[in-house]
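Student: TSV, C-alpha atoms and all ligand atoms, saved as work15.tsv, coming up:
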chain	number	residue	atom	x	y	z
T	25	MET	CA	23.69	1.61	37.76
T	26	TRP	CA	22.35	-1.40	39.65
T	27	ILE	CA	18.69	-2.32	39.38
T	28	LYS	CA	16.97	-5.06	41.30
T	29	GLY	CA	13.69	-6.86	40.73
T	30	LYS	CA	12.11	-9.74	38.88
T	31	ILE	CA	14.08	-10.31	35.69
T	32	TYR	CA	13.41	-12.42	32.61
T	33	TYR	CA	16.81	-14.15	32.52
T	34	ASN	CA	17.81	-17.48	30.93
T	35	LYS	CA	14.20	-18.02	29.85
T	36	GLU	CA	12.87	-17.74	33.40
T	37	ILE	CA	11.41	-15.02	35.58
T	38	THR	CA	13.71	-14.81	38.62
T	39	GLU	CA	14.80	-12.34	41.32
T	40	GLY	CA	18.06	-10.66	40.53
T	41	CYS	CA	20.20	-7.59	39.88
T	42	ILE	CA	21.52	-6.03	36.68
T	43	ASN	CA	24.44	-3.60	36.54
T	44	PHE	CA	24.62	-1.51	33.37
T	45	ASP	CA	25.69	1.67	31.66
T	46	ARG	CA	24.90	1.60	27.94
T	47	LYS	CA	25.63	-2.11	28.00
T	48	ILE	CA	24.78	-4.79	30.53
T	49	LYS	CA	27.93	-5.24	32.66
T	50	ASP	CA	26.93	-7.74	35.30
T	51	ILE	CA	23.97	-9.90	36.34
T	52	ARG	CA	23.86	-11.20	39.93
T	53	LYS	CA	21.50	-12.75	42.42
T	54	ASP	CA	21.88	-9.94	44.97
T	55	CYS	CA	23.15	-6.36	45.24
T	56	ARG	CA	22.54	-2.97	46.83
T	57	PRO	CA	20.47	-1.45	44.02
T	58	ASP	CA	20.18	2.16	42.85
T	59	ILE	CA	16.64	1.38	41.75
T	60	MET	CA	14.48	-1.35	43.25
T	61	PHE	CA	11.52	-2.36	41.06
T	62	PRO	CA	8.32	-3.42	42.88
T	63	ASP	CA	7.44	-7.12	42.98
T	64	TYR	CA	4.44	-6.70	40.65
T	65	THR	CA	6.79	-5.72	37.80
T	66	VAL	CA	9.04	-7.80	35.55
T	67	ILE	CA	12.11	-6.56	33.68
T	68	PHE	CA	11.98	-8.00	30.15
T	69	PRO	CA	14.45	-7.54	27.27
T	70	GLY	CA	13.53	-4.39	25.29
T	71	SER	CA	10.85	-4.98	22.64
T	72	ILE	CA	11.85	-4.58	18.98
T	73	ASP	CA	9.37	-3.56	16.24
T	74	ILE	CA	10.77	-4.29	12.78
T	75	HIS	CA	7.96	-2.58	10.81
T	76	VAL	CA	7.28	1.11	11.55
T	77	HIS	CA	6.59	4.23	9.47
T	78	THR	CA	7.91	7.26	11.36
T	79	ARG	CA	7.24	9.43	8.25
T	80	GLY	CA	9.24	12.63	8.91
T	81	LEU	CA	11.00	14.66	6.14
T	82	GLU	CA	8.22	16.16	3.95
T	83	LEU	CA	5.62	13.92	5.64
T	84	SER	CA	6.30	15.43	9.08
T	85	TYR	CA	2.72	16.73	9.14
T	86	LYS	CA	1.64	13.07	9.57
T	87	GLU	CA	4.28	12.06	12.14
T	88	THR	CA	7.89	12.81	13.05
T	89	VAL	CA	10.75	10.75	14.42
T	90	THR	CA	10.15	12.46	17.80
T	91	SER	CA	6.41	11.76	17.94
T	92	ALA	CA	6.68	8.16	16.67
T	93	THR	CA	9.60	7.15	18.91
T	94	SER	CA	7.97	8.83	21.95
T	95	GLU	CA	4.88	6.72	21.29
T	96	ALA	CA	7.17	3.68	20.90
T	97	VAL	CA	8.82	3.99	24.34
T	98	TYR	CA	5.42	4.82	25.91
T	99	GLY	CA	4.38	1.37	24.62
T	100	GLY	CA	7.54	-0.39	25.85
T	101	ILE	CA	9.32	-0.55	22.46
T	102	THR	CA	13.08	0.11	22.66
T	103	THR	CA	14.13	-0.40	19.01
T	104	ILE	CA	12.27	0.29	15.76
T	105	PHE	CA	12.98	-0.32	12.08
T	106	ASP	CA	11.68	2.33	9.73
T	107	MET	CA	10.15	1.99	6.28
T	108	PRO	CA	11.41	3.97	3.26
T	109	ASN	CA	8.15	5.09	1.58
T	110	THR	CA	8.55	8.68	2.75
T	111	LYS	CA	8.69	11.83	0.69
T	112	PRO	CA	11.28	11.92	-0.81
T	113	VAL	CA	11.53	8.12	-1.11
T	114	LEU	CA	14.54	6.64	0.71
T	115	ASN	CA	16.25	4.80	-2.13
T	116	ASN	CA	19.48	6.75	-2.56
T	117	SER	CA	22.39	7.71	-0.30
T	118	LYS	CA	21.47	11.38	-0.09
T	119	THR	CA	17.97	10.95	1.33
T	120	ILE	CA	18.92	7.95	3.47
T	121	LEU	CA	21.70	9.99	5.11
T	122	GLU	CA	19.23	12.82	5.63
T	123	LYS	CA	16.83	10.41	7.34
T	124	PHE	CA	19.68	9.03	9.49
T	125	ARG	CA	20.34	12.61	10.65
T	126	GLU	CA	16.69	12.94	11.76
T	127	PHE	CA	17.07	9.76	13.79
T	128	GLU	CA	20.44	10.77	15.27
T	129	ASN	CA	18.96	14.06	16.49
T	130	TYR	CA	15.45	13.09	17.49
T	131	SER	CA	15.04	9.36	18.08
T	132	ARG	CA	14.10	8.41	21.63
T	133	CYS	CA	14.76	4.74	21.02
T	134	ASP	CA	17.29	2.70	19.04
T	135	TYR	CA	16.53	2.43	15.35
T	136	GLY	CA	17.36	1.01	11.95
T	137	LEU	CA	16.41	1.98	8.41
T	138	TYR	CA	15.37	0.06	5.32
T	139	SER	CA	16.08	1.42	1.86
T	140	GLY	CA	13.52	1.18	-0.91
T	141	VAL	CA	14.48	-0.94	-3.93
T	142	THR	CA	17.19	0.80	-5.91
T	143	THR	CA	20.02	0.45	-8.40
T	144	ASP	CA	22.21	2.90	-6.43
T	145	LYS	CA	25.25	0.83	-5.41
T	146	THR	CA	26.31	3.34	-2.73
T	147	VAL	CA	23.20	2.43	-0.69
T	148	GLU	CA	24.53	-1.09	-0.15
T	149	ASN	CA	27.49	0.29	1.85
T	150	LEU	CA	25.36	2.36	4.24
T	151	PRO	CA	24.56	0.98	7.74
T	152	ILE	CA	20.98	0.09	6.72
T	153	ALA	CA	19.02	-2.91	8.01
T	154	GLY	CA	18.05	-4.02	4.49
T	155	TYR	CA	15.50	-3.27	1.78
T	156	LYS	CA	11.70	-3.00	1.72
T	157	VAL	CA	9.99	-4.50	-1.30
T	158	PHE	CA	6.48	-3.14	-1.97
T	159	PRO	CA	4.02	-4.93	-4.32
T	160	GLU	CA	4.64	-2.46	-7.16
T	161	ASP	CA	8.41	-3.12	-6.86
T	162	LEU	CA	7.85	-6.70	-8.01
T	163	ASP	CA	7.41	-5.25	-11.53
T	164	LYS	CA	10.77	-3.39	-11.44
T	165	LYS	CA	13.13	-5.97	-12.92
T	166	GLU	CA	16.44	-4.13	-12.57
T	167	GLU	CA	15.87	-2.93	-9.00
T	168	LEU	CA	14.55	-6.31	-7.94
T	169	GLN	CA	17.62	-8.08	-9.31
T	170	PHE	CA	19.82	-5.60	-7.43
T	171	VAL	CA	18.21	-6.40	-4.08
T	172	PHE	CA	18.13	-10.16	-4.83
T	173	ASN	CA	21.93	-9.93	-5.25
T	174	SER	CA	22.36	-8.19	-1.89
T	175	ILE	CA	22.97	-10.39	1.15
T	176	LYS	CA	21.10	-7.90	3.31
T	177	LEU	CA	17.63	-8.64	4.66
T	178	LYS	CA	14.64	-7.90	2.41
T	179	ILE	CA	11.16	-7.26	3.83
T	180	LEU	CA	8.29	-8.12	1.49
T	181	HIS	CA	4.83	-6.58	1.59
T	182	PRO	CA	3.20	-9.72	0.19
T	183	GLU	CA	0.69	-8.74	-2.46
T	184	LEU	CA	0.85	-8.77	-6.27
T	185	PRO	CA	1.50	-5.48	-8.09
T	186	LEU	CA	-2.05	-5.61	-9.46
T	187	SER	CA	-3.43	-5.65	-5.88
T	188	THR	CA	-2.71	-1.96	-5.50
T	189	ASN	CA	-4.59	-0.98	-8.69
T	190	GLN	CA	-7.92	-2.68	-8.11
T	191	PHE	CA	-10.97	-2.34	-5.90
T	192	ARG	CA	-10.16	-3.18	-2.31
T	193	ASN	CA	-12.65	-6.03	-2.12
T	194	LEU	CA	-10.71	-7.79	-4.91
T	195	ARG	CA	-7.43	-7.81	-2.96
T	196	SER	CA	-7.89	-11.45	-2.12
T	197	LEU	CA	-5.79	-14.01	-0.30
T	198	TRP	CA	-4.42	-15.74	-3.41
T	199	GLN	CA	-2.69	-12.49	-4.42
T	200	GLU	CA	-0.89	-12.50	-1.08
T	201	LEU	CA	0.16	-16.15	-1.47
T	202	ALA	CA	1.18	-15.77	-5.15
T	203	SER	CA	3.55	-12.89	-4.37
T	204	LEU	CA	5.76	-15.22	-2.30
T	205	TYR	CA	6.76	-17.10	-5.45
T	206	LEU	CA	8.15	-13.90	-7.00
T	207	VAL	CA	10.99	-13.48	-4.48
T	208	LYS	CA	14.00	-15.51	-3.43
T	209	GLY	CA	16.87	-15.34	-0.96
T	210	HIS	CA	17.04	-13.63	2.45
T	211	PHE	CA	13.40	-12.48	2.74
T	212	HIS	CA	11.09	-11.70	5.62
T	213	ILE	CA	7.34	-11.66	4.89
T	214	THR	CA	5.58	-8.92	6.82
T	215	HIS	CA	1.97	-8.38	7.97
T	216	ALA	CA	0.56	-11.75	6.92
T	217	THR	CA	-3.22	-11.40	7.05
T	218	ASN	CA	-3.91	-15.14	7.13
T	219	ILE	CA	-2.30	-18.32	8.39
T	220	GLU	CA	-1.70	-19.79	4.90
T	221	THR	CA	0.71	-16.96	4.06
T	222	ILE	CA	2.70	-17.77	7.20
T	223	ARG	CA	2.80	-21.50	6.46
T	224	LEU	CA	3.73	-21.07	2.79
T	225	ALA	CA	6.40	-18.48	3.65
T	226	LYS	CA	7.94	-20.84	6.20
T	227	SER	CA	7.96	-23.73	3.72
T	228	LEU	CA	9.85	-21.46	1.28
T	229	GLY	CA	12.44	-20.65	3.96
T	230	PHE	CA	11.28	-17.11	4.82
T	231	THR	CA	10.59	-15.62	8.27
T	232	THR	CA	7.19	-14.05	9.00
T	233	ASP	CA	5.26	-11.61	11.17
T	234	PHE	CA	1.68	-10.54	11.82
T	235	THR	CA	0.10	-7.39	13.26
T	236	PRO	CA	-2.35	-7.19	16.20
T	237	HIS	CA	-4.89	-5.33	14.02
T	238	HIS	CA	-5.13	-8.15	11.46
T	239	LEU	CA	-6.04	-10.39	14.41
T	240	ILE	CA	-8.47	-8.35	16.47
T	241	VAL	CA	-9.94	-5.44	14.50
T	242	ASN	CA	-13.45	-6.41	13.55
T	243	GLY	CA	-13.17	-6.15	9.75
T	244	GLU	CA	-12.62	-3.10	7.58
T	245	LYS	CA	-15.63	-0.88	8.13
T	246	ASP	CA	-14.45	2.69	7.73
T	247	CYS	CA	-11.39	4.90	7.26
T	248	LEU	CA	-10.24	4.21	10.81
T	249	SER	CA	-9.93	0.47	10.11
T	250	LYS	CA	-8.81	0.87	6.46
T	251	VAL	CA	-5.34	-0.64	6.17
T	252	ASN	CA	-3.14	-2.43	3.60
T	253	PRO	CA	-3.26	-5.34	3.20
T	254	PRO	CA	-6.95	-5.39	4.16
T	255	ILE	CA	-8.23	-6.98	7.37
T	256	ARG	CA	-9.77	-10.35	6.44
T	257	ASP	CA	-13.13	-11.84	7.41
T	258	PHE	CA	-13.90	-13.43	10.77
T	259	THR	CA	-12.97	-16.99	9.70
T	260	GLU	CA	-9.54	-15.93	8.41
T	261	ARG	CA	-8.91	-13.79	11.48
T	262	ARG	CA	-9.79	-16.67	13.76
T	263	LYS	CA	-7.39	-18.99	11.92
T	264	LEU	CA	-4.72	-16.28	12.09
T	265	LEU	CA	-4.70	-16.75	15.89
T	266	ASN	CA	-2.33	-19.64	15.13
T	267	ALA	CA	0.22	-16.98	14.15
T	268	LEU	CA	0.69	-16.41	17.88
T	269	PHE	CA	2.39	-19.83	17.89
T	270	GLU	CA	3.73	-20.09	14.33
T	271	ALA	CA	4.95	-16.65	13.19
T	272	ASP	CA	8.46	-15.46	14.02
T	273	THR	CA	7.57	-12.00	15.31
T	274	VAL	CA	4.80	-9.43	15.74
T	275	VAL	CA	4.94	-5.88	14.30
T	276	SER	CA	2.78	-2.78	14.60
T	277	ASP	CA	3.09	-1.52	10.99
T	278	HIS	CA	2.58	1.87	12.69
T	279	ALA	CA	1.29	3.92	9.73
T	280	PRO	CA	0.16	7.41	10.74
T	281	HIS	CA	-1.88	9.82	8.59
T	282	SER	CA	-3.24	13.28	9.31
T	283	ASN	CA	-6.80	13.81	10.53
T	284	LYS	CA	-7.64	15.39	7.22
T	285	GLU	CA	-6.41	12.37	5.23
T	286	LYS	CA	-8.39	10.00	7.44
T	287	SER	CA	-11.56	12.16	7.19
T	288	LEU	CA	-11.88	11.86	3.40
T	289	PRO	CA	-14.60	9.59	1.94
T	290	TYR	CA	-13.84	5.88	2.39
T	291	GLU	CA	-12.71	5.38	-1.24
T	292	LEU	CA	-10.15	8.18	-0.94
T	293	CYS	CA	-8.92	8.12	2.66
T	294	SER	CA	-5.37	6.88	3.36
T	295	PRO	CA	-4.93	3.30	4.61
T	296	GLY	CA	-2.95	2.80	7.83
T	297	ILE	CA	-3.31	2.22	11.60
T	298	ALA	CA	-0.96	3.87	14.10
T	299	GLY	CA	-0.68	1.50	17.05
T	300	ILE	CA	3.04	1.21	17.81
T	301	SER	CA	2.33	1.41	21.56
T	302	PHE	CA	-0.24	-1.40	21.45
T	303	THR	CA	1.87	-4.43	20.48
T	304	THR	CA	3.93	-5.01	23.65
T	305	PRO	CA	1.10	-4.63	26.20
T	306	PHE	CA	-1.15	-6.75	23.94
T	307	ILE	CA	1.33	-9.66	23.78
T	308	TYR	CA	2.17	-9.57	27.51
T	309	SER	CA	-1.58	-9.44	28.28
T	310	LEU	CA	-1.98	-12.69	26.31
T	311	ALA	CA	0.85	-14.19	28.35
T	312	LYS	CA	-0.75	-13.06	31.62
T	313	LYS	CA	-4.03	-14.68	30.49
T	314	GLY	CA	-2.12	-17.93	29.85
T	315	ILE	CA	-2.91	-17.94	26.10
T	316	ILE	CA	0.81	-17.94	25.26
T	317	SER	CA	3.80	-18.57	27.51
T	318	TYR	CA	6.15	-15.82	28.70
T	319	ASN	CA	8.92	-17.52	26.70
T	320	ARG	CA	6.82	-17.21	23.57
T	321	ALA	CA	5.95	-13.56	24.33
T	322	VAL	CA	9.66	-12.67	24.65
T	323	GLU	CA	10.44	-14.64	21.51
T	324	LEU	CA	7.85	-12.66	19.54
T	325	LEU	CA	8.74	-9.24	20.94
T	326	ALA	CA	12.52	-9.36	21.43
T	327	GLU	CA	14.51	-12.53	20.68
T	328	ASN	CA	13.22	-13.30	17.18
T	329	PRO	CA	13.14	-9.75	15.77
T	330	ALA	CA	16.78	-9.37	16.90
T	331	LYS	CA	17.65	-12.61	15.08
T	332	ILE	CA	15.74	-11.66	11.92
T	333	ILE	CA	17.59	-8.34	11.62
T	334	GLY	CA	20.88	-9.93	12.73
T	335	LEU	CA	21.35	-7.82	15.86
T	336	THR	CA	23.86	-9.68	18.01
T	337	LYS	CA	23.59	-7.48	21.13
T	338	TYR	CA	19.82	-7.15	21.37
T	339	GLY	CA	16.78	-9.22	22.26
T	340	GLU	CA	18.06	-10.85	25.41
T	341	ILE	CA	19.13	-9.83	28.91
T	342	LYS	CA	22.73	-10.97	29.08
T	343	GLU	CA	26.16	-9.54	29.84
T	344	GLY	CA	27.58	-7.48	26.96
T	345	ASN	CA	24.17	-6.77	25.40
T	346	VAL	CA	22.73	-3.27	24.98
T	347	ALA	CA	20.90	-2.15	28.15
T	348	ASN	CA	17.40	-1.97	26.65
T	349	PHE	CA	14.59	-3.09	28.96
T	350	THR	CA	10.80	-3.17	28.88
T	351	ILE	CA	9.47	-3.18	32.42
T	352	VAL	CA	5.92	-4.50	32.66
T	353	ASP	CA	3.46	-3.73	35.45
T	354	PHE	CA	1.30	-6.79	36.14
T	355	SER	CA	-0.85	-5.04	38.75
T	356	LYS	CA	-2.45	-2.42	36.51
T	357	ASN	CA	-5.00	-2.86	33.71
T	358	TRP	CA	-5.03	-0.42	30.87
T	359	LYS	CA	-7.67	0.71	28.40
T	360	TYR	CA	-5.50	1.37	25.36
T	361	HIS	CA	-5.08	4.85	23.92
T	362	THR	CA	-2.26	6.65	22.12
T	363	GLU	CA	-0.48	9.52	23.79
T	364	TYR	CA	2.50	10.89	21.83
T	365	THR	CA	1.83	10.04	18.18
T	366	LYS	CA	0.12	12.73	16.10
T	367	VAL	CA	-2.68	10.21	15.50
T	368	VAL	CA	-5.38	10.61	18.14
T	369	GLU	CA	-7.74	7.83	17.05
T	370	THR	CA	-7.12	4.16	16.20
T	371	PRO	CA	-9.45	1.14	15.94
T	372	LEU	CA	-7.53	-0.34	18.90
T	373	ASP	CA	-8.66	2.43	21.28
T	374	TYR	CA	-10.20	1.26	24.59
T	375	TYR	CA	-9.06	-2.32	23.97
T	376	PRO	CA	-8.80	-3.83	27.47
T	377	LEU	CA	-5.19	-4.75	28.31
T	378	ASP	CA	-4.30	-6.77	31.42
T	379	ILE	CA	-0.94	-5.12	32.02
T	380	SER	CA	0.63	-1.70	31.58
T	381	ILE	CA	4.12	-0.40	30.84
T	382	TYR	CA	5.88	0.52	34.09
T	383	SER	CA	9.05	1.88	32.52
T	384	THR	CA	11.16	1.71	29.35
T	385	ILE	CA	14.96	1.83	29.43
T	386	VAL	CA	16.92	2.59	26.23
T	387	GLU	CA	20.73	2.54	26.06
T	388	GLY	CA	20.81	2.42	29.87
T	389	LYS	CA	18.65	5.54	30.29
T	390	ILE	CA	15.05	5.88	31.40
T	391	ALA	CA	13.10	6.78	28.25
T	392	TYR	CA	9.65	6.41	29.86
T	393	ASP	CA	8.86	6.17	33.57
T	394	GLY	CA	5.14	5.47	33.51
T	395	ASN	CA	4.28	9.16	33.44
T	396	GLU	CA	6.58	10.92	31.07
T	397	VAL	CA	8.77	10.35	28.02
T	398	TYR	CA	12.28	11.80	28.24
T	399	PRO	CA	14.39	13.23	25.40
T	400	ILE	CA	17.11	10.62	25.47
T	401	ARG	CA	18.92	9.65	22.24
T	402	GLY	CA	18.80	6.25	20.61
T	403	VAL	CA	21.47	4.94	18.24
T	404	ASN	CA	21.57	2.99	14.98
T	405	ALA	CA	21.13	-0.60	16.19
T	406	ILE	CA	22.93	-1.97	13.13
T	407	GLU	CA	26.09	-0.02	14.03
T	408	SER	CA	25.80	-0.53	17.77
T	409	SER	CA	25.41	-4.27	17.28
T	410	LYS	CA	28.74	-4.36	15.43
T	411	SER	CA	30.81	-2.06	17.67
T	412	GLU	CA	32.85	-3.52	20.50
T	413	PHE	CA	33.38	-1.41	23.58
B	501	ZN	ZN	3.95	-0.75	6.45
In structure tokens, how does this file's structure come out?
Ligand SMILES: [Zn+2]
Tutor:
Amino acid sequence: MWIKGKIYYNKEITEGCINFDRKIKDIRKDCRPDIMFPDYTVIFPGSIDIHVHTRGLELSYKETVTSATSEAVYGGITTIFDMPNTKPVLNNSKTILEKFREFENYSRCDYGLYSGVTTDKTVENLPIAGYKVFPEDLDKKEELQFVFNSIKLKILHPELPLSTNQFRNLRSLWQELASLYLVKGHFHITHATNIETIRLAKSLGFTTDFTPHHLIVNGEKDCLSKVNPPIRDFTERRKLLNALFEADTVVSDHAPHSNKEKSLPYELCSPGIAGISFTTPFIYSLAKKGIISYNRAVELLAENPAKIIGLTKYGEIKEGNVANFTIVDFSKNWKYHTEYTKVVETPLDYYPLDISIYSTIVEGKIAYDGNEVYPIRGVNAIESSKSEF
């Protein structure tokens, strides 16, 4: 299929044509296109979110692979990486393979999976993206040594083990910083709540990300805005704006819970914000406003996450890469709201966005056309990045 329009190609927005099936076959200046995109849209490389909780399995009452990945493509995300703290926990071959089957059957975008920390050697041979290390895992000596020995990527939730067993107002910044000294090797530090975490992580040789909610949600006031690690005060949030220029990527940490779990008293309600569809329009809105450049926006949303995971055929529009595109509409504002996730309320609701998602293409197929999400099938990005065809 040939498409024509404004394309983000070679770090510039230029007129051109792309020919693709599942992979990009040809890029040219001119063609007779099958689809012509209007001149107020730009075709960007597909956004990649490396921190998502699709839940599923026994937690399907909170969210499923179908509902989470539908919400993803509605928000312009074409590839997600899923966290292992499900029920049962994904830290052995049996449950990981079961979770892969859910994705194979129901995922509407490309995907990857992290395992939890483990001592199960068979996990290392599975096509996983790496391991997720939670604060409490930092106390598990044997499992920690096992993942330190693996060359695969490790994602750290940076807080000390004690952080999770104390009052929320005591989960302070130093606990986030201190946790970085407890890990070594190929680590990525996720959802930094403050700029010092990002700077320290970089100086230790790690890559980093931040979430939109740690930047813009106005403090933790209720169950809706309750999230781990906690949203910091105004001064820290203002300094975290530097993450737009200093962090490697941006993630949603999409963490859905049921209405019932979010309606419990503040002390008991589950922490988590489900805004997977917010990240891409938020970052491109900042680019439209001139706060960051388009190069930087694409770096945060596509190029860098592909590099962090080690995906060779993702993150850039170029011949031979997977045909994943996020097509942005620069003519239409959008008051943010979720549509396909099981979570109907987030603290990001009604946030004014300066752009909207025109269309999302996954594996060469239209996954979202501005009105509807289609039941296309994504693939394991780790495998598809390796295969030659
Ligand atoms: Zn998370």
Student: Region 34-48 of chain T: which residues within 10 Å, counting only C-alpha atoms, same-chain residues fewer than 6 positions away excluded, as JSON, numbers by chain?
Tutor: {"T": [25, 26, 27, 28, 54, 55, 56, 57, 58, 59, 60, 63, 66, 67, 68, 318, 319, 320, 322, 323, 337, 340, 341, 342, 343, 344, 345, 346, 347, 348, 386, 387, 388, 389, 413]}
Student: What does the distance between CA of Asp353 (chain T) and CA of His237 (chain T) come to in Å, to one decimal place?
Tutor: 23.1 Å
Student: Select, from T:Thr362, T:Lys165, T:Tyr98, T:Leu137, the residue with the minimum atom-to-atom distance to Tyr374 (chain T), counting only C-alpha atoms.
Tutor: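 Distance minimum relative to Tyr374 (chain T) lands on T:Thr362.
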Student: If you take all atoms listed in the file and a cut-off of 8 Å, which residues of region 224-261 of chain T touch region 193-201 of chain T, and what are their nearest atom pairs and distances in Å to one decimal, in chain and number order, as CSV?
Tutor:
residue,atom,partner,partner_atom,distance
T:Leu224,CA,T:Leu201,CA,7.4
T:Pro253,CA,T:Arg195,CA,7.8
T:Pro254,CA,T:Arg195,CA,7.5
Student: Please provide as number ranges by chain all residues within 7 Å of region 278-289 of chain T, with the sequence filter that same-chain residues fewer than 2 positions apart are discarded (counting only C-alpha atoms).
Tutor: T: 76-77, 85-87, 247-248, 276, 291-294, 296-300, 367
Student: Would you give me, as JSON lines, each residue of chain T having an atom within 12 Å of an atom of ligand ZN 501 (chain B), along with its shortest atom pair and that distance in Å to one decimal, using all atoms listed in the file and sorting by chain and residue number?
Tutor:
{"residue": "T:Asp73", "atom": "CA", "partner": "B:ZN501", "partner_atom": "ZN", "distance": 11.5}
{"residue": "T:Ile74", "atom": "CA", "partner": "B:ZN501", "partner_atom": "ZN", "distance": 10.0}
{"residue": "T:His75", "atom": "CA", "partner": "B:ZN501", "partner_atom": "ZN", "distance": 6.2}
{"residue": "T:Val76", "atom": "CA", "partner": "B:ZN501", "partner_atom": "ZN", "distance": 6.4}
{"residue": "T:His77", "atom": "CA", "partner": "B:ZN501", "partner_atom": "ZN", "distance": 6.4}
{"residue": "T:Thr78", "atom": "CA", "partner": "B:ZN501", "partner_atom": "ZN", "distance": 10.2}
{"residue": "T:Arg79", "atom": "CA", "partner": "B:ZN501", "partner_atom": "ZN", "distance": 10.8}
{"residue": "T:Phe105", "atom": "CA", "partner": "B:ZN501", "partner_atom": "ZN", "distance": 10.7}
{"residue": "T:Asp106", "atom": "CA", "partner": "B:ZN501", "partner_atom": "ZN", "distance": 8.9}
{"residue": "T:Met107", "atom": "CA", "partner": "B:ZN501", "partner_atom": "ZN", "distance": 6.8}
{"residue": "T:Pro108", "atom": "CA", "partner": "B:ZN501", "partner_atom": "ZN", "distance": 9.4}
{"residue": "T:Asn109", "atom": "CA", "partner": "B:ZN501", "partner_atom": "ZN", "distance": 8.7}
{"residue": "T:Thr110", "atom": "CA", "partner": "B:ZN501", "partner_atom": "ZN", "distance": 11.1}
{"residue": "T:Tyr138", "atom": "CA", "partner": "B:ZN501", "partner_atom": "ZN", "distance": 11.5}
{"residue": "T:Lys156", "atom": "CA", "partner": "B:ZN501", "partner_atom": "ZN", "distance": 9.4}
{"residue": "T:Val157", "atom": "CA", "partner": "B:ZN501", "partner_atom": "ZN", "distance": 10.5}
{"residue": "T:Phe158", "atom": "CA", "partner": "B:ZN501", "partner_atom": "ZN", "distance": 9.1}
{"residue": "T:Pro159", "atom": "CA", "partner": "B:ZN501", "partner_atom": "ZN", "distance": 11.6}
{"residue": "T:Ile179", "atom": "CA", "partner": "B:ZN501", "partner_atom": "ZN", "distance": 10.1}
{"residue": "T:Leu180", "atom": "CA", "partner": "B:ZN501", "partner_atom": "ZN", "distance": 9.9}
{"residue": "T:His181", "atom": "CA", "partner": "B:ZN501", "partner_atom": "ZN", "distance": 7.6}
{"residue": "T:Pro182", "atom": "CA", "partner": "B:ZN501", "partner_atom": "ZN", "distance": 11.0}
{"residue": "T:Ile213", "atom": "CA", "partner": "B:ZN501", "partner_atom": "ZN", "distance": 11.5}
{"residue": "T:Thr214", "atom": "CA", "partner": "B:ZN501", "partner_atom": "ZN", "distance": 8.3}
{"residue": "T:His215", "atom": "CA", "partner": "B:ZN501", "partner_atom": "ZN", "distance": 8.0}
{"residue": "T:Ala216", "atom": "CA", "partner": "B:ZN501", "partner_atom": "ZN", "distance": 11.5}
{"residue": "T:Asp233", "atom": "CA", "partner": "B:ZN501", "partner_atom": "ZN", "distance": 11.9}
{"residue": "T:Phe234", "atom": "CA", "partner": "B:ZN501", "partner_atom": "ZN", "distance": 11.4}
{"residue": "T:Thr235", "atom": "CA", "partner": "B:ZN501", "partner_atom": "ZN", "distance": 10.3}
{"residue": "T:Val251", "atom": "CA", "partner": "B:ZN501", "partner_atom": "ZN", "distance": 9.3}
{"residue": "T:Asn252", "atom": "CA", "partner": "B:ZN501", "partner_atom": "ZN", "distance": 7.8}
{"residue": "T:Pro253", "atom": "CA", "partner": "B:ZN501", "partner_atom": "ZN", "distance": 9.1}
{"residue": "T:Val275", "atom": "CA", "partner": "B:ZN501", "partner_atom": "ZN", "distance": 9.4}
{"residue": "T:Ser276", "atom": "CA", "partner": "B:ZN501", "partner_atom": "ZN", "distance": 8.5}
{"residue": "T:Asp277", "atom": "CA", "partner": "B:ZN501", "partner_atom": "ZN", "distance": 4.7}
{"residue": "T:His278", "atom": "CA", "partner": "B:ZN501", "partner_atom": "ZN", "distance": 6.9}
{"residue": "T:Ala279", "atom": "CA", "partner": "B:ZN501", "partner_atom": "ZN", "distance": 6.3}
{"residue": "T:Pro280", "atom": "CA", "partner": "B:ZN501", "partner_atom": "ZN", "distance": 10.0}
{"residue": "T:Pro295", "atom": "CA", "partner": "B:ZN501", "partner_atom": "ZN", "distance": 9.9}
{"residue": "T:Gly296", "atom": "CA", "partner": "B:ZN501", "partner_atom": "ZN", "distance": 7.9}
{"residue": "T:Ile297", "atom": "CA", "partner": "B:ZN501", "partner_atom": "ZN", "distance": 9.4}
{"residue": "T:Ala298", "atom": "CA", "partner": "B:ZN501", "partner_atom": "ZN", "distance": 10.2}
{"residue": "T:Gly299", "atom": "CA", "partner": "B:ZN501", "partner_atom": "ZN", "distance": 11.8}
{"residue": "T:Ile300", "atom": "CA", "partner": "B:ZN501", "partner_atom": "ZN", "distance": 11.6}
Student: With all atoms listed in the file as the counted atoms, please give the residues lying no more than 10 Å from Val171 (chain T), apart from itself and same-chain residues fewer than 5 positions off, as a ChimeraX atom specification.
Tutor: /T:140-143,148,154-157,166,176-178,209-210
Student: Find the distance between CA of Ser409 (chain T) and CA of Leu204 (chain T) and write it in Å to one decimal.
Tutor: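 CA of Leu204 (chain T) lies at a distance of 29.8 Å from CA of Ser409 (chain T).
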Student: What residues have an atom no more than 12 Å from (16.9, 6.3, 26.5) in the file's own frame, counting all atoms listed in the file, and can you write them as number ranges by chain?
Tutor: T: 45-46, 70, 93-94, 96-98, 100-103, 130-135, 346-350, 383-393, 397-403
Student: Would you pick out the contacts of His212 (chain T) at 6 Å or less, using all atoms listed in the file, so that residues sharing its chain but fewer than 2 positions from it are not included, and give the list as a PDB file with C-alpha atoms, in the coordinates of the input?
Tutor:
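Generated output (part.pdb):
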ATOM      1  CA  ILE T 179      11.160  -7.260   3.830  1.00  0.00           C
ATOM      2  CA  PHE T 230      11.280 -17.110   4.820  1.00  0.00           C
ATOM      3  CA  THR T 231      10.590 -15.620   8.270  1.00  0.00           C
ATOM      4  CA  THR T 232       7.190 -14.050   9.000  1.00  0.00           C
TER       5      THR T 232
END
